[in-house]
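J.: My structure is stored as start-v4.tsv, with TSV, C-alpha atoms.
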chain	number	residue	atom	x	y	z
B	135	MET	CA	126.22	227.53	99.80
B	136	LYS	CA	126.87	224.40	97.64
B	137	SER	CA	129.85	224.12	95.32
B	138	ARG	CA	129.19	224.17	91.58
B	139	ASP	CA	132.13	221.80	90.90
B	140	PHE	CA	130.59	219.07	88.73
B	141	SER	CA	133.85	217.19	88.05
B	142	SER	CA	133.51	214.86	91.05
B	143	TRP	CA	129.89	214.11	90.14
B	144	ILE	CA	130.81	213.36	86.51
B	145	TRP	CA	133.74	211.13	87.53
B	146	GLY	CA	131.50	209.28	90.01
B	147	ASP	CA	128.94	208.54	87.30
B	148	ALA	CA	131.66	207.52	84.83
B	149	LEU	CA	133.21	205.10	87.33
B	150	ALA	CA	129.79	203.62	88.15
B	151	LEU	CA	129.15	203.03	84.43
B	152	LEU	CA	132.57	201.37	84.02
B	153	HIS	CA	131.92	199.05	86.98
B	154	HIS	CA	128.51	198.16	85.56
B	155	ALA	CA	130.04	197.40	82.13
B	156	GLU	CA	132.72	195.17	83.70
B	157	ARG	CA	130.09	193.29	85.70
B	158	LEU	CA	128.01	192.67	82.54
B	159	GLN	CA	131.12	191.49	80.66
B	160	ARG	CA	131.97	189.00	83.44
B	161	GLN	CA	128.40	187.67	83.41
B	162	VAL	CA	128.47	187.17	79.63
B	163	LEU	CA	131.86	185.42	79.73
B	164	GLN	CA	130.79	183.17	82.63
B	165	SER	CA	127.62	182.22	80.73
B	166	ALA	CA	129.67	181.31	77.65
B	167	GLN	CA	132.07	179.22	79.75
B	168	ALA	CA	129.16	177.52	81.53
B	169	ALA	CA	127.70	176.55	78.16
B	170	ALA	CA	131.00	174.94	77.15
B	171	HIS	CA	131.23	172.86	80.32
B	172	ALA	CA	129.43	173.19	83.59
B	173	TRP	CA	132.14	172.33	86.09
B	174	GLU	CA	135.75	171.21	86.51
B	175	PRO	CA	136.53	168.31	88.82
B	176	PRO	CA	139.41	168.79	91.28
B	177	VAL	CA	142.73	167.17	90.38
B	178	ASP	CA	145.78	166.02	92.34
B	179	ILE	CA	149.10	165.48	90.53
B	180	ILE	CA	151.75	163.46	92.35
B	181	GLU	CA	155.20	162.78	90.92
B	182	SER	CA	157.60	160.01	91.86
B	183	GLU	CA	160.94	159.11	90.35
B	184	ALA	CA	159.34	156.65	87.93
B	185	ALA	CA	155.87	158.07	87.19
B	186	VAL	CA	153.32	160.86	87.46
B	187	LEU	CA	149.99	160.00	89.08
B	188	VAL	CA	146.97	162.15	88.20
B	189	ILE	CA	143.90	161.70	90.44
B	190	VAL	CA	140.63	163.26	89.27
B	191	ALA	CA	137.79	163.37	91.83
B	192	LEU	CA	134.66	162.03	90.11
B	193	PRO	CA	132.32	160.67	92.82
B	194	GLY	CA	129.12	159.24	91.42
B	195	VAL	CA	130.45	159.03	87.85
B	196	GLY	CA	130.46	155.63	86.17
B	197	PRO	CA	133.16	154.42	83.78
B	198	GLU	CA	130.74	154.70	80.86
B	199	ASP	CA	130.29	158.41	81.59
B	200	VAL	CA	134.01	159.36	81.44
B	201	VAL	CA	136.13	160.12	78.38
B	202	VAL	CA	139.92	160.46	78.69
B	203	ARG	CA	141.85	161.94	75.77
B	204	PHE	CA	145.64	162.14	75.53
B	205	ASP	CA	147.36	164.57	73.18
B	206	PRO	CA	150.91	165.97	73.03
B	207	GLU	CA	150.06	168.93	75.30
B	208	GLY	CA	148.23	167.01	78.02
B	209	ILE	CA	145.12	165.18	79.09
B	210	THR	CA	141.44	166.07	78.79
B	211	VAL	CA	138.95	164.35	81.09
B	212	SER	CA	135.31	164.96	80.23
B	213	GLY	CA	131.94	163.39	80.77
B	214	LEU	CA	128.63	163.60	82.55
B	215	ARG	CA	127.63	163.36	86.18
B	216	PRO	CA	123.87	162.77	86.24
B	217	ILE	CA	121.62	164.19	88.95
B	218	PRO	CA	120.61	161.27	91.19
B	219	ALA	CA	116.91	162.09	91.20
B	220	ALA	CA	114.01	159.78	90.55
B	221	TYR	CA	110.61	160.81	89.25
B	222	ASP	CA	108.18	162.48	91.66
B	223	THR	CA	110.96	163.92	93.84
B	224	ARG	CA	111.78	167.44	94.96
B	225	ILE	CA	115.31	168.73	95.21
B	226	HIS	CA	115.84	170.84	98.32
B	227	GLN	CA	119.52	171.64	97.91
B	228	LEU	CA	122.23	171.01	95.32
B	229	GLU	CA	125.80	171.84	96.31
B	230	ILE	CA	127.58	169.00	94.54
B	231	PRO	CA	128.16	169.82	90.84
B	232	TYR	CA	126.20	167.78	88.29
B	233	GLY	CA	125.95	167.77	84.52
B	234	GLN	CA	128.70	168.05	81.93
B	235	PHE	CA	132.27	168.37	83.16
B	236	GLN	CA	135.65	168.87	81.54
B	237	ARG	CA	139.14	169.27	82.94
B	238	ARG	CA	142.26	170.02	80.94
B	239	ILE	CA	145.53	168.92	82.53
B	240	ARG	CA	148.67	170.22	80.86
B	241	LEU	CA	151.54	167.75	81.06
B	242	PRO	CA	154.52	167.04	78.78
B	243	LEU	CA	153.19	163.77	77.35
B	244	HIS	CA	156.19	163.50	75.01
B	245	ALA	CA	158.13	162.43	78.12
B	246	LEU	CA	155.36	160.29	79.66
B	247	GLU	CA	153.68	157.03	78.70
B	248	PRO	CA	150.08	156.66	79.92
B	249	THR	CA	148.79	153.36	81.26
B	250	THR	CA	145.15	152.26	81.30
B	251	PRO	CA	142.97	154.69	83.30
B	252	ARG	CA	141.36	153.21	86.42
B	253	LEU	CA	138.18	154.41	88.16
B	254	ALA	CA	137.94	153.42	91.84
B	255	ASP	CA	136.50	154.88	95.04
B	256	GLY	CA	135.04	157.89	93.21
B	257	CYS	CA	138.37	158.86	91.64
B	258	LEU	CA	139.90	158.45	88.21
B	259	PHE	CA	143.53	157.33	88.47
B	260	LEU	CA	145.83	158.07	85.55
B	261	THR	CA	149.36	156.70	85.85
B	262	LEU	CA	151.91	158.12	83.42
B	263	ASN	CA	155.23	156.32	83.43
B	264	LYS	CA	158.29	158.48	82.78
B	265	LEU	CA	160.17	157.56	79.63
B	266	ARG	CA	163.83	156.80	80.17
B	267	GLU	CA	166.25	158.43	77.80
B	268	ILE	CA	168.62	156.05	76.04
B	269	PRO	CA	172.25	157.18	76.52
Now that the file is in, can you turn its structure into C-alpha cells?
T.:
Amino acid sequence: MKSRDFSSWIWGDALALLHHAERLQRQVLQSAQAAAHAWEPPVDIIESEAAVLVIVALPGVGPEDVVVRFDPEGITVSGLRPIPAAYDTRIHQLEIPYGQFQRRIRLPLHALEPTTPRLADGCLFLTLNKLREIP
C-alpha cells in the first residue's frame, strides 16, 4: 500500500520551481550583461618597485579600435574586435571572442602616473609609474 504523505511531493515540486526560477534569472542577467559588452579580455598586472605594468591581451585588435580611459578609481579598456571574415565565406567554428569588449581594472590611480599606452604583439601595455611622496 502506498503512503498518502504528500509533503515530500510538494517540497520536490517547490524546489524544482525554485531551481527553474533561478535558472531564468541567471539567463536574464547574462543577457543584460552581454548587451553591455560581449567579452572581457584577460589582464596581467605586474608590480615593480618603480611602476605597475598592466598587460591586456587584445590579439587582432588595431590601435584605432581600442579606447583607454583613466579615472581616479582605475582604468577602462574598451573597443571592438571585428570578425575576420570576408564576403562569401562560411564560419565553421568561433572560439575566439569577437565584437565589443570592455575591461575595468581597479587601481589606485591617485598614487600612479600613467604613461602613453602601447599596443604590440597583440597586447596593450599600460605602464603606470609610482608617484614618490615628498618628505
J.: The residues within 12 Å of (144.0, 158.7, 88.0), using only C-alpha atoms and the coordinates of the file, should be reported as number ranges by chain; which are they?
T.: B: 176-180, 185-192, 200, 202, 209, 211, 239, 248-262
J.: Between atom CA of B:Gly233 and atom CA of B:Arg160, what is the distance, to one decimal in Å?
T.: 22.1 Å
J.: If I wrap all listed atoms of stretch 246-249 of chain B in a box with edges along x, y and z and add 5 Å on each side, what are its centre and edge lengths in Å to one decimal, as AutoDock Vina command-line options?
T.:
--center_x 152.1 --center_y 156.8 --center_z 80.0 --size_x 16.6 --size_y 16.9 --size_z 12.6
J.: B:Ala184: which residues within 12 Å, counting only C-alpha atoms, same-chain residues fewer than 5 positions away excluded, as a ChimeraX atom specification?
T.: /B:245-247,261-266
J.: Just checking: using all atoms listed in the file, which residue out of B:Ala148, B:Val195, B:Leu243, B:Ile225 ends up closest to B:Gly213?
T.: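 Of B:Ala148, B:Val195, B:Leu243, B:Ile225, the one nearest B:Gly213 is B:Val195, counting all atoms listed in the file.
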J.: If I take atom CA of B:Phe235 and atom CA of B:Trp173, how far is one from the other in Å, to one decimal?
T.: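 Atom-to-atom, atom CA of B:Phe235 to atom CA of B:Trp173, that is 4.9 Å.
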J.: In Å, with one decimal, what is the gap from atom CA of B:Gly194 to atom CA of B:Gly208?
T.: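 Rounded to one decimal, the two atoms are 24.6 Å apart.
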J.: From the options B:Ser212, B:His154, B:Gln227, B:Leu241, which residue's atoms come nearest to B:Glu198, counting all atoms listed in the file?
T.: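 So, comparing all the options, the nearest one is B:Ser212.
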J.: Identify which of the residues B:Glu181, B:Pro175, B:Asp147, B:His153 lies closest to B:Gln236, counting only C-alpha atoms when measuring atom-to-atom distances.
T.: B:Pro175
J.: Measuring between all atoms listed in the file, which one of B:Leu152, B:Arg240, B:Ala172, B:Ser182 shows the shortest distance to B:Arg215?
T.: B:Ala172
J.: Taking all atoms listed in the file into account, name the residue in B:Pro216, B:Val201, B:Arg224, B:Glu174 that is nearest to B:Arg237.
T.: B:Glu174
